[in-house]
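Okay, coords.cif now, which holds mmCIF, N, CA and C atoms:
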```cif
data_input
loop_
_atom_site.label_atom_id
_atom_site.label_comp_id
_atom_site.auth_asym_id
_atom_site.auth_seq_id
_atom_site.Cartn_x
_atom_site.Cartn_y
_atom_site.Cartn_z
N ARG A 1 183.40 89.25 133.42
CA ARG A 1 183.02 90.61 133.80
C ARG A 1 183.23 91.58 132.63
N GLU A 2 184.33 91.45 131.95
CA GLU A 2 184.60 92.32 130.79
C GLU A 2 183.55 92.09 129.70
N MET A 3 183.16 90.86 129.49
CA MET A 3 182.15 90.51 128.50
C MET A 3 180.80 91.11 128.90
N GLY A 4 180.50 91.10 130.18
CA GLY A 4 179.26 91.69 130.68
C GLY A 4 179.22 93.19 130.42
N GLN A 5 180.35 93.85 130.63
CA GLN A 5 180.43 95.30 130.36
C GLN A 5 180.25 95.58 128.87
N MET A 6 180.87 94.73 128.03
CA MET A 6 180.72 94.89 126.57
C MET A 6 179.25 94.68 126.19
N TYR A 7 178.62 93.71 126.81
CA TYR A 7 177.21 93.44 126.52
C TYR A 7 176.36 94.65 126.94
N ASP A 8 176.60 95.19 128.12
CA ASP A 8 175.86 96.37 128.58
C ASP A 8 176.07 97.55 127.65
N ASP A 9 177.33 97.75 127.24
CA ASP A 9 177.63 98.84 126.29
C ASP A 9 176.90 98.63 124.98
N LEU A 10 176.87 97.38 124.54
CA LEU A 10 176.19 97.05 123.28
C LEU A 10 174.69 97.31 123.39
N VAL A 11 174.10 96.94 124.51
CA VAL A 11 172.67 97.16 124.72
C VAL A 11 172.37 98.65 124.69
N VAL A 12 173.21 99.46 125.35
CA VAL A 12 173.01 100.91 125.37
C VAL A 12 173.14 101.46 123.95
N ARG A 13 174.13 100.99 123.22
CA ARG A 13 174.34 101.46 121.83
C ARG A 13 173.16 101.07 120.94
N VAL A 14 172.65 99.86 121.11
CA VAL A 14 171.50 99.41 120.30
C VAL A 14 170.27 100.26 120.64
N GLU A 15 170.06 100.56 121.91
CA GLU A 15 168.94 101.41 122.30
C GLU A 15 169.08 102.80 121.69
N THR A 16 170.29 103.33 121.77
CA THR A 16 170.55 104.65 121.18
C THR A 16 170.29 104.64 119.68
N LEU A 17 170.77 103.61 119.00
CA LEU A 17 170.56 103.50 117.56
C LEU A 17 169.07 103.37 117.24
N ALA A 18 168.34 102.62 118.05
CA ALA A 18 166.91 102.46 117.81
C ALA A 18 166.19 103.80 117.98
N GLU A 19 166.57 104.57 119.01
CA GLU A 19 165.97 105.90 119.21
C GLU A 19 166.28 106.82 118.04
N GLU A 20 167.55 106.84 117.62
CA GLU A 20 167.95 107.68 116.50
C GLU A 20 167.21 107.26 115.24
N ASN A 21 167.08 105.96 115.05
CA ASN A 21 166.36 105.45 113.88
C ASN A 21 164.91 105.93 113.90
N GLY A 22 164.28 105.88 115.06
CA GLY A 22 162.90 106.36 115.19
C GLY A 22 162.79 107.85 114.89
N GLU A 23 163.72 108.64 115.41
CA GLU A 23 163.72 110.07 115.15
C GLU A 23 163.91 110.36 113.66
N LEU A 24 164.85 109.65 113.05
CA LEU A 24 165.10 109.85 111.62
C LEU A 24 163.91 109.42 110.78
N THR A 25 163.27 108.35 111.18
CA THR A 25 162.08 107.90 110.45
C THR A 25 160.98 108.96 110.54
N SER A 26 160.78 109.53 111.71
CA SER A 26 159.79 110.60 111.88
C SER A 26 160.14 111.81 111.02
N LYS A 27 161.42 112.14 111.01
CA LYS A 27 161.88 113.28 110.21
C LYS A 27 161.65 113.03 108.72
N ILE A 28 161.92 111.82 108.27
CA ILE A 28 161.70 111.47 106.86
C ILE A 28 160.22 111.60 106.53
N GLU A 29 159.35 111.10 107.41
CA GLU A 29 157.91 111.19 107.17
C GLU A 29 157.47 112.65 107.08
N ALA A 30 158.00 113.48 107.96
CA ALA A 30 157.64 114.91 107.93
C ALA A 30 158.12 115.56 106.64
N LEU A 31 159.33 115.23 106.21
CA LEU A 31 159.86 115.80 104.97
C LEU A 31 159.07 115.31 103.76
N GLU A 32 158.68 114.05 103.77
CA GLU A 32 157.88 113.53 102.67
C GLU A 32 156.51 114.21 102.64
N HIS A 33 155.96 114.49 103.83
CA HIS A 33 154.68 115.22 103.91
C HIS A 33 154.84 116.62 103.32
N ASN A 34 155.94 117.29 103.65
CA ASN A 34 156.21 118.62 103.11
C ASN A 34 156.34 118.57 101.60
N GLU A 35 156.97 117.53 101.10
CA GLU A 35 157.14 117.37 99.66
C GLU A 35 155.77 117.23 98.98
N VAL A 36 154.87 116.46 99.59
CA VAL A 36 153.51 116.29 99.04
C VAL A 36 152.79 117.64 99.04
N GLN A 37 152.89 118.38 100.12
CA GLN A 37 152.24 119.69 100.20
C GLN A 37 152.79 120.63 99.13
N TYR A 38 154.10 120.62 98.93
CA TYR A 38 154.72 121.45 97.91
C TYR A 38 154.16 121.11 96.54
N LYS A 39 154.03 119.82 96.24
CA LYS A 39 153.52 119.40 94.94
C LYS A 39 152.07 119.85 94.76
N GLN A 40 151.28 119.79 95.83
CA GLN A 40 149.89 120.25 95.76
C GLN A 40 149.84 121.75 95.50
N GLN A 41 150.70 122.50 96.18
CA GLN A 41 150.73 123.95 95.98
C GLN A 41 151.16 124.27 94.55
N LEU A 42 152.09 123.51 94.03
CA LEU A 42 152.55 123.71 92.66
C LEU A 42 151.42 123.44 91.68
N GLN A 43 150.62 122.39 91.91
CA GLN A 43 149.48 122.10 91.05
C GLN A 43 148.46 123.24 91.12
N HIS A 44 148.25 123.75 92.32
CA HIS A 44 147.33 124.88 92.50
C HIS A 44 147.83 126.10 91.71
N TYR A 45 149.10 126.36 91.79
CA TYR A 45 149.70 127.46 91.04
C TYR A 45 149.49 127.27 89.54
N GLU A 46 149.68 126.07 89.04
CA GLU A 46 149.50 125.79 87.61
C GLU A 46 148.05 126.03 87.19
N MET A 47 147.10 125.65 88.04
CA MET A 47 145.68 125.87 87.73
C MET A 47 145.39 127.37 87.65
N ILE A 48 145.91 128.13 88.60
CA ILE A 48 145.69 129.58 88.61
C ILE A 48 146.33 130.20 87.37
N LYS A 49 147.49 129.72 87.01
CA LYS A 49 148.18 130.24 85.83
C LYS A 49 147.35 129.95 84.57
N GLU A 50 146.79 128.76 84.46
CA GLU A 50 145.94 128.42 83.32
C GLU A 50 144.70 129.33 83.28
N ASP A 51 144.10 129.56 84.44
CA ASP A 51 142.93 130.47 84.52
C ASP A 51 143.32 131.87 84.04
N TYR A 52 144.48 132.32 84.48
CA TYR A 52 144.96 133.64 84.09
C TYR A 52 145.17 133.72 82.58
N GLU A 53 145.77 132.69 82.01
CA GLU A 53 146.02 132.68 80.57
C GLU A 53 144.70 132.63 79.79
N ALA A 54 143.73 131.86 80.28
CA ALA A 54 142.42 131.81 79.63
C ALA A 54 141.75 133.18 79.70
N LEU A 55 141.86 133.85 80.84
CA LEU A 55 141.29 135.18 80.99
C LEU A 55 141.96 136.16 80.03
N GLN A 56 143.27 136.09 79.94
CA GLN A 56 144.00 136.95 79.02
C GLN A 56 143.50 136.75 77.59
N SER A 57 143.35 135.49 77.20
CA SER A 57 142.91 135.16 75.85
C SER A 57 141.50 135.70 75.59
N SER A 58 140.58 135.49 76.52
CA SER A 58 139.21 135.98 76.33
C SER A 58 139.17 137.50 76.32
N MET A 59 140.00 138.13 77.11
CA MET A 59 140.06 139.59 77.11
C MET A 59 140.55 140.11 75.76
N GLU A 60 141.54 139.49 75.21
CA GLU A 60 142.06 139.90 73.91
C GLU A 60 141.00 139.71 72.82
N GLU A 61 140.28 138.61 72.90
CA GLU A 61 139.21 138.34 71.94
C GLU A 61 138.11 139.40 72.06
N ALA A 62 137.75 139.71 73.29
CA ALA A 62 136.71 140.71 73.52
C ALA A 62 137.14 142.08 73.01
N VAL A 63 138.39 142.41 73.17
CA VAL A 63 138.90 143.69 72.69
C VAL A 63 138.75 143.78 71.18
N SER A 64 139.07 142.73 70.48
CA SER A 64 138.96 142.76 69.02
C SER A 64 137.50 142.86 68.56
N LEU A 65 136.57 142.21 69.27
CA LEU A 65 135.15 142.28 68.92
C LEU A 65 134.55 143.65 69.19
N ALA A 66 135.06 144.31 70.19
CA ALA A 66 134.48 145.60 70.61
C ALA A 66 135.10 146.79 69.88
N SER A 67 135.93 146.55 68.89
CA SER A 67 136.68 147.65 68.26
C SER A 67 135.78 148.73 67.66
N GLY A 68 134.55 148.39 67.24
CA GLY A 68 133.66 149.38 66.63
C GLY A 68 132.89 150.21 67.62
N MET A 69 132.93 149.87 68.88
CA MET A 69 132.11 150.58 69.86
C MET A 69 133.01 151.38 70.80
N THR A 70 133.21 152.62 70.49
CA THR A 70 134.20 153.45 71.18
C THR A 70 133.92 153.59 72.68
N SER A 71 132.71 153.97 73.04
CA SER A 71 132.45 154.19 74.47
C SER A 71 132.50 152.89 75.26
N GLN A 72 131.93 151.83 74.70
CA GLN A 72 132.00 150.54 75.39
C GLN A 72 133.44 150.05 75.44
N MET A 73 134.14 150.33 74.37
CA MET A 73 135.54 149.91 74.32
C MET A 73 136.34 150.61 75.41
N SER A 74 136.07 151.87 75.61
CA SER A 74 136.78 152.64 76.63
C SER A 74 136.54 152.04 78.02
N LYS A 75 135.27 151.71 78.32
CA LYS A 75 134.95 151.08 79.61
C LYS A 75 135.65 149.73 79.74
N PHE A 76 135.56 148.97 78.66
CA PHE A 76 136.16 147.64 78.68
C PHE A 76 137.67 147.70 78.91
N VAL A 77 138.32 148.62 78.22
CA VAL A 77 139.77 148.76 78.36
C VAL A 77 140.13 149.11 79.80
N LYS A 78 139.35 150.02 80.40
CA LYS A 78 139.62 150.39 81.79
C LYS A 78 139.47 149.17 82.71
N GLN A 79 138.40 148.41 82.52
CA GLN A 79 138.18 147.20 83.33
C GLN A 79 139.29 146.18 83.07
N HIS A 80 139.59 146.03 81.80
CA HIS A 80 140.63 145.06 81.43
C HIS A 80 141.97 145.45 82.06
N ASN A 81 142.30 146.72 82.00
CA ASN A 81 143.57 147.18 82.59
C ASN A 81 143.59 146.92 84.09
N ALA A 82 142.46 147.22 84.73
CA ALA A 82 142.40 146.99 86.19
C ALA A 82 142.56 145.50 86.50
N ILE A 83 141.84 144.67 85.74
CA ILE A 83 141.94 143.21 85.96
C ILE A 83 143.35 142.72 85.64
N SER A 84 143.90 143.23 84.54
CA SER A 84 145.25 142.81 84.15
C SER A 84 146.27 143.18 85.21
N LYS A 85 146.15 144.42 85.74
CA LYS A 85 147.07 144.84 86.80
C LYS A 85 146.91 143.96 88.03
N GLU A 86 145.66 143.67 88.36
CA GLU A 86 145.40 142.80 89.51
C GLU A 86 146.01 141.42 89.30
N HIS A 87 145.79 140.88 88.10
CA HIS A 87 146.34 139.56 87.81
C HIS A 87 147.87 139.58 87.70
N GLU A 88 148.41 140.65 87.16
CA GLU A 88 149.87 140.76 87.11
C GLU A 88 150.45 140.78 88.52
N THR A 89 149.78 141.53 89.39
CA THR A 89 150.23 141.57 90.79
C THR A 89 150.13 140.18 91.42
N LYS A 90 149.00 139.51 91.17
CA LYS A 90 148.84 138.15 91.69
C LYS A 90 149.90 137.22 91.12
N MET A 91 150.15 137.34 89.82
CA MET A 91 151.15 136.48 89.18
C MET A 91 152.54 136.75 89.75
N GLU A 92 152.86 138.02 89.97
CA GLU A 92 154.15 138.34 90.57
C GLU A 92 154.27 137.71 91.95
N LEU A 93 153.20 137.85 92.74
CA LEU A 93 153.20 137.25 94.07
C LEU A 93 153.31 135.73 93.99
N LEU A 94 152.56 135.14 93.05
CA LEU A 94 152.62 133.69 92.89
C LEU A 94 153.99 133.24 92.41
N ASN A 95 154.58 134.00 91.49
CA ASN A 95 155.93 133.66 91.03
C ASN A 95 156.95 133.76 92.16
N GLU A 96 156.81 134.80 92.99
CA GLU A 96 157.70 134.92 94.14
C GLU A 96 157.47 133.75 95.10
N GLU A 97 156.20 133.43 95.32
CA GLU A 97 155.86 132.30 96.20
C GLU A 97 156.40 130.99 95.62
N LEU A 98 156.27 130.84 94.30
CA LEU A 98 156.80 129.64 93.66
C LEU A 98 158.31 129.57 93.81
N ASP A 99 158.99 130.68 93.59
CA ASP A 99 160.44 130.71 93.77
C ASP A 99 160.81 130.31 95.20
N THR A 100 160.08 130.87 96.15
CA THR A 100 160.33 130.53 97.56
C THR A 100 160.07 129.06 97.82
N MET A 101 158.95 128.54 97.24
CA MET A 101 158.61 127.13 97.43
C MET A 101 159.66 126.23 96.77
N GLU A 102 160.15 126.64 95.61
CA GLU A 102 161.17 125.83 94.94
C GLU A 102 162.45 125.79 95.76
N LEU A 103 162.84 126.94 96.32
CA LEU A 103 164.03 126.96 97.18
C LEU A 103 163.80 126.10 98.42
N ALA A 104 162.61 126.24 98.99
CA ALA A 104 162.28 125.43 100.18
C ALA A 104 162.28 123.95 99.81
N MET A 105 161.74 123.63 98.65
CA MET A 105 161.69 122.23 98.22
C MET A 105 163.10 121.68 98.01
N GLU A 106 163.98 122.51 97.45
CA GLU A 106 165.37 122.07 97.29
C GLU A 106 166.00 121.78 98.65
N ASP A 107 165.73 122.68 99.61
CA ASP A 107 166.25 122.47 100.97
C ASP A 107 165.67 121.19 101.57
N VAL A 108 164.35 121.01 101.40
CA VAL A 108 163.69 119.82 101.93
C VAL A 108 164.25 118.57 101.28
N THR A 109 164.45 118.63 99.97
CA THR A 109 164.99 117.47 99.25
C THR A 109 166.40 117.14 99.73
N ARG A 110 167.23 118.18 99.88
CA ARG A 110 168.59 117.94 100.38
C ARG A 110 168.55 117.37 101.80
N GLU A 111 167.71 117.94 102.64
CA GLU A 111 167.60 117.46 104.02
C GLU A 111 167.07 116.03 104.06
N LEU A 112 166.09 115.74 103.21
CA LEU A 112 165.54 114.39 103.13
C LEU A 112 166.63 113.41 102.72
N GLU A 113 167.40 113.76 101.72
CA GLU A 113 168.46 112.87 101.24
C GLU A 113 169.51 112.66 102.34
N ALA A 114 169.90 113.74 103.00
CA ALA A 114 170.87 113.62 104.09
C ALA A 114 170.32 112.74 105.21
N THR A 115 169.05 112.93 105.52
CA THR A 115 168.42 112.13 106.58
C THR A 115 168.35 110.66 106.17
N ARG A 116 168.03 110.42 104.92
CA ARG A 116 168.00 109.03 104.44
C ARG A 116 169.39 108.40 104.54
N GLU A 117 170.42 109.18 104.17
CA GLU A 117 171.79 108.66 104.28
C GLU A 117 172.15 108.36 105.73
N GLU A 118 171.77 109.29 106.63
CA GLU A 118 172.02 109.06 108.05
C GLU A 118 171.29 107.80 108.53
N ASN A 119 170.07 107.66 108.07
CA ASN A 119 169.26 106.51 108.45
C ASN A 119 169.91 105.22 107.94
N ASP A 120 170.40 105.24 106.71
CA ASP A 120 171.07 104.06 106.15
C ASP A 120 172.31 103.70 106.98
N ILE A 121 173.08 104.71 107.37
CA ILE A 121 174.27 104.47 108.19
C ILE A 121 173.86 103.87 109.53
N LEU A 122 172.83 104.43 110.14
CA LEU A 122 172.37 103.91 111.43
C LEU A 122 171.86 102.48 111.31
N ARG A 123 171.17 102.20 110.22
CA ARG A 123 170.69 100.83 110.02
C ARG A 123 171.85 99.86 109.88
N ARG A 124 172.90 100.27 109.13
CA ARG A 124 174.08 99.40 109.00
C ARG A 124 174.75 99.21 110.36
N GLU A 125 174.87 100.31 111.12
CA GLU A 125 175.49 100.20 112.44
C GLU A 125 174.65 99.30 113.34
N PHE A 126 173.35 99.42 113.25
CA PHE A 126 172.45 98.60 114.04
C PHE A 126 172.63 97.13 113.67
N ARG A 127 172.67 96.82 112.37
CA ARG A 127 172.87 95.43 111.94
C ARG A 127 174.23 94.92 112.42
N ASP A 128 175.26 95.76 112.31
CA ASP A 128 176.58 95.37 112.78
C ASP A 128 176.56 95.08 114.28
N ALA A 129 175.85 95.93 115.03
CA ALA A 129 175.75 95.74 116.48
C ALA A 129 175.00 94.44 116.80
N GLU A 130 173.95 94.16 116.05
CA GLU A 130 173.22 92.92 116.24
C GLU A 130 174.12 91.72 115.95
N CYS A 131 174.87 91.79 114.86
CA CYS A 131 175.78 90.68 114.53
C CYS A 131 176.82 90.49 115.63
N PHE A 132 177.38 91.59 116.10
CA PHE A 132 178.37 91.50 117.16
C PHE A 132 177.74 90.88 118.40
N TYR A 133 176.51 91.32 118.70
CA TYR A 133 175.81 90.81 119.86
C TYR A 133 175.62 89.30 119.73
N ARG A 134 175.19 88.86 118.56
CA ARG A 134 174.98 87.41 118.37
C ARG A 134 176.31 86.65 118.45
N LEU A 135 177.33 87.21 117.80
CA LEU A 135 178.64 86.54 117.80
C LEU A 135 179.26 86.49 119.19
N SER A 136 178.92 87.47 120.01
CA SER A 136 179.51 87.51 121.35
C SER A 136 178.72 86.62 122.31
N GLY A 137 177.73 85.91 121.76
CA GLY A 137 177.01 84.96 122.61
C GLY A 137 175.78 85.57 123.26
N GLY A 138 175.40 86.72 122.85
CA GLY A 138 174.23 87.38 123.47
C GLY A 138 172.91 86.93 122.89
N GLY A 139 172.89 86.27 121.76
CA GLY A 139 171.57 85.95 121.22
C GLY A 139 171.64 84.74 120.40
#
```

Structure rendered as structure tokens:
Amino acid sequence: REMGQMYDDLVVRVETLAEENGELTSKIEALEHNEVQYKQQLQHYEMIKEDYEALQSSMEEAVSLASGMTSQMSKFVKQHNAISKEHETKMELLNEELDTMELAMEDVTRELEATREENDILRREFRDAECFYRLSGGG
């Protein structure tokens, strides 16, 4: 009778461990998905940054070519300033977004690592429970 109770307790524990393992596996998959999304957003940010730098370079080149034309230069400078301000604002927003994403990614990475550690512990406990079950004559 005592062995039967131990077996029942073991079965309940194994079921619990299997459920926890499934939840942790789902959590790991979600965190890995978030990590992929973060990397894609980071690549997008880098592309926008390259576009901005190319625009800056072409604007500087255009300014030097237009130096002899005062009225056109005045229009160009006004447009350039407006575009530069717009891009500076966008860059500030993107930098803030990047900072936020980096902090979020650090949190995700820490959570992923903690979840993986929990999962490893649960897997060891599950293996131990299986061994105990077999040794106790259950399998």

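Using only C-alpha atoms, the residues found no farther than 12 Å from A:Val14, other than those of its own chain fewer than 2 positions away, are Tyr7, Asp8, Asp9, Leu10, Val11, Val12, Thr16, Leu17, Ala18, Glu19, Glu20, Asn21, Leu122, Arg123, Arg124, Glu125, Phe126, Arg127, Asp128, Ala129, Glu130, Cys131, Phe132 and Tyr133 of chain A.
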
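Take atom C of A:Ser64 and atom C of A:Thr89: the distance between them is 26.3 Å.
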
**Message:** Taking 6 positions as the minimum chain separation for residues in the same chain, which residues sit within 8 Å of A:Glu35 when counting all atoms listed in the file? Answer as JSON, numbers by chain.
**Reply:** {"A": [29, 41, 105, 108, 109]}

**Request:** For A:Ala114, work out the shell of residues within 12 Å, counting only C-alpha atoms and skipping chain neighbours fewer than 4 positions away, then give it as a PyMOL selection string.
**Result:** chain A and resi 24+27-28+31+107-110+118-121

Can you sort out the box for stretch 73-91 of chain A, edges along x, y and z, all listed atoms in, 5 Å on every side, with centre and edge lengths in Å to one decimal, as lines of an AutoDock Vina configuration file?
```
center_x = 143.3
center_y = 144.6
center_z = 83.0
size_x = 28.4
size_y = 26.2
size_z = 27.4
```
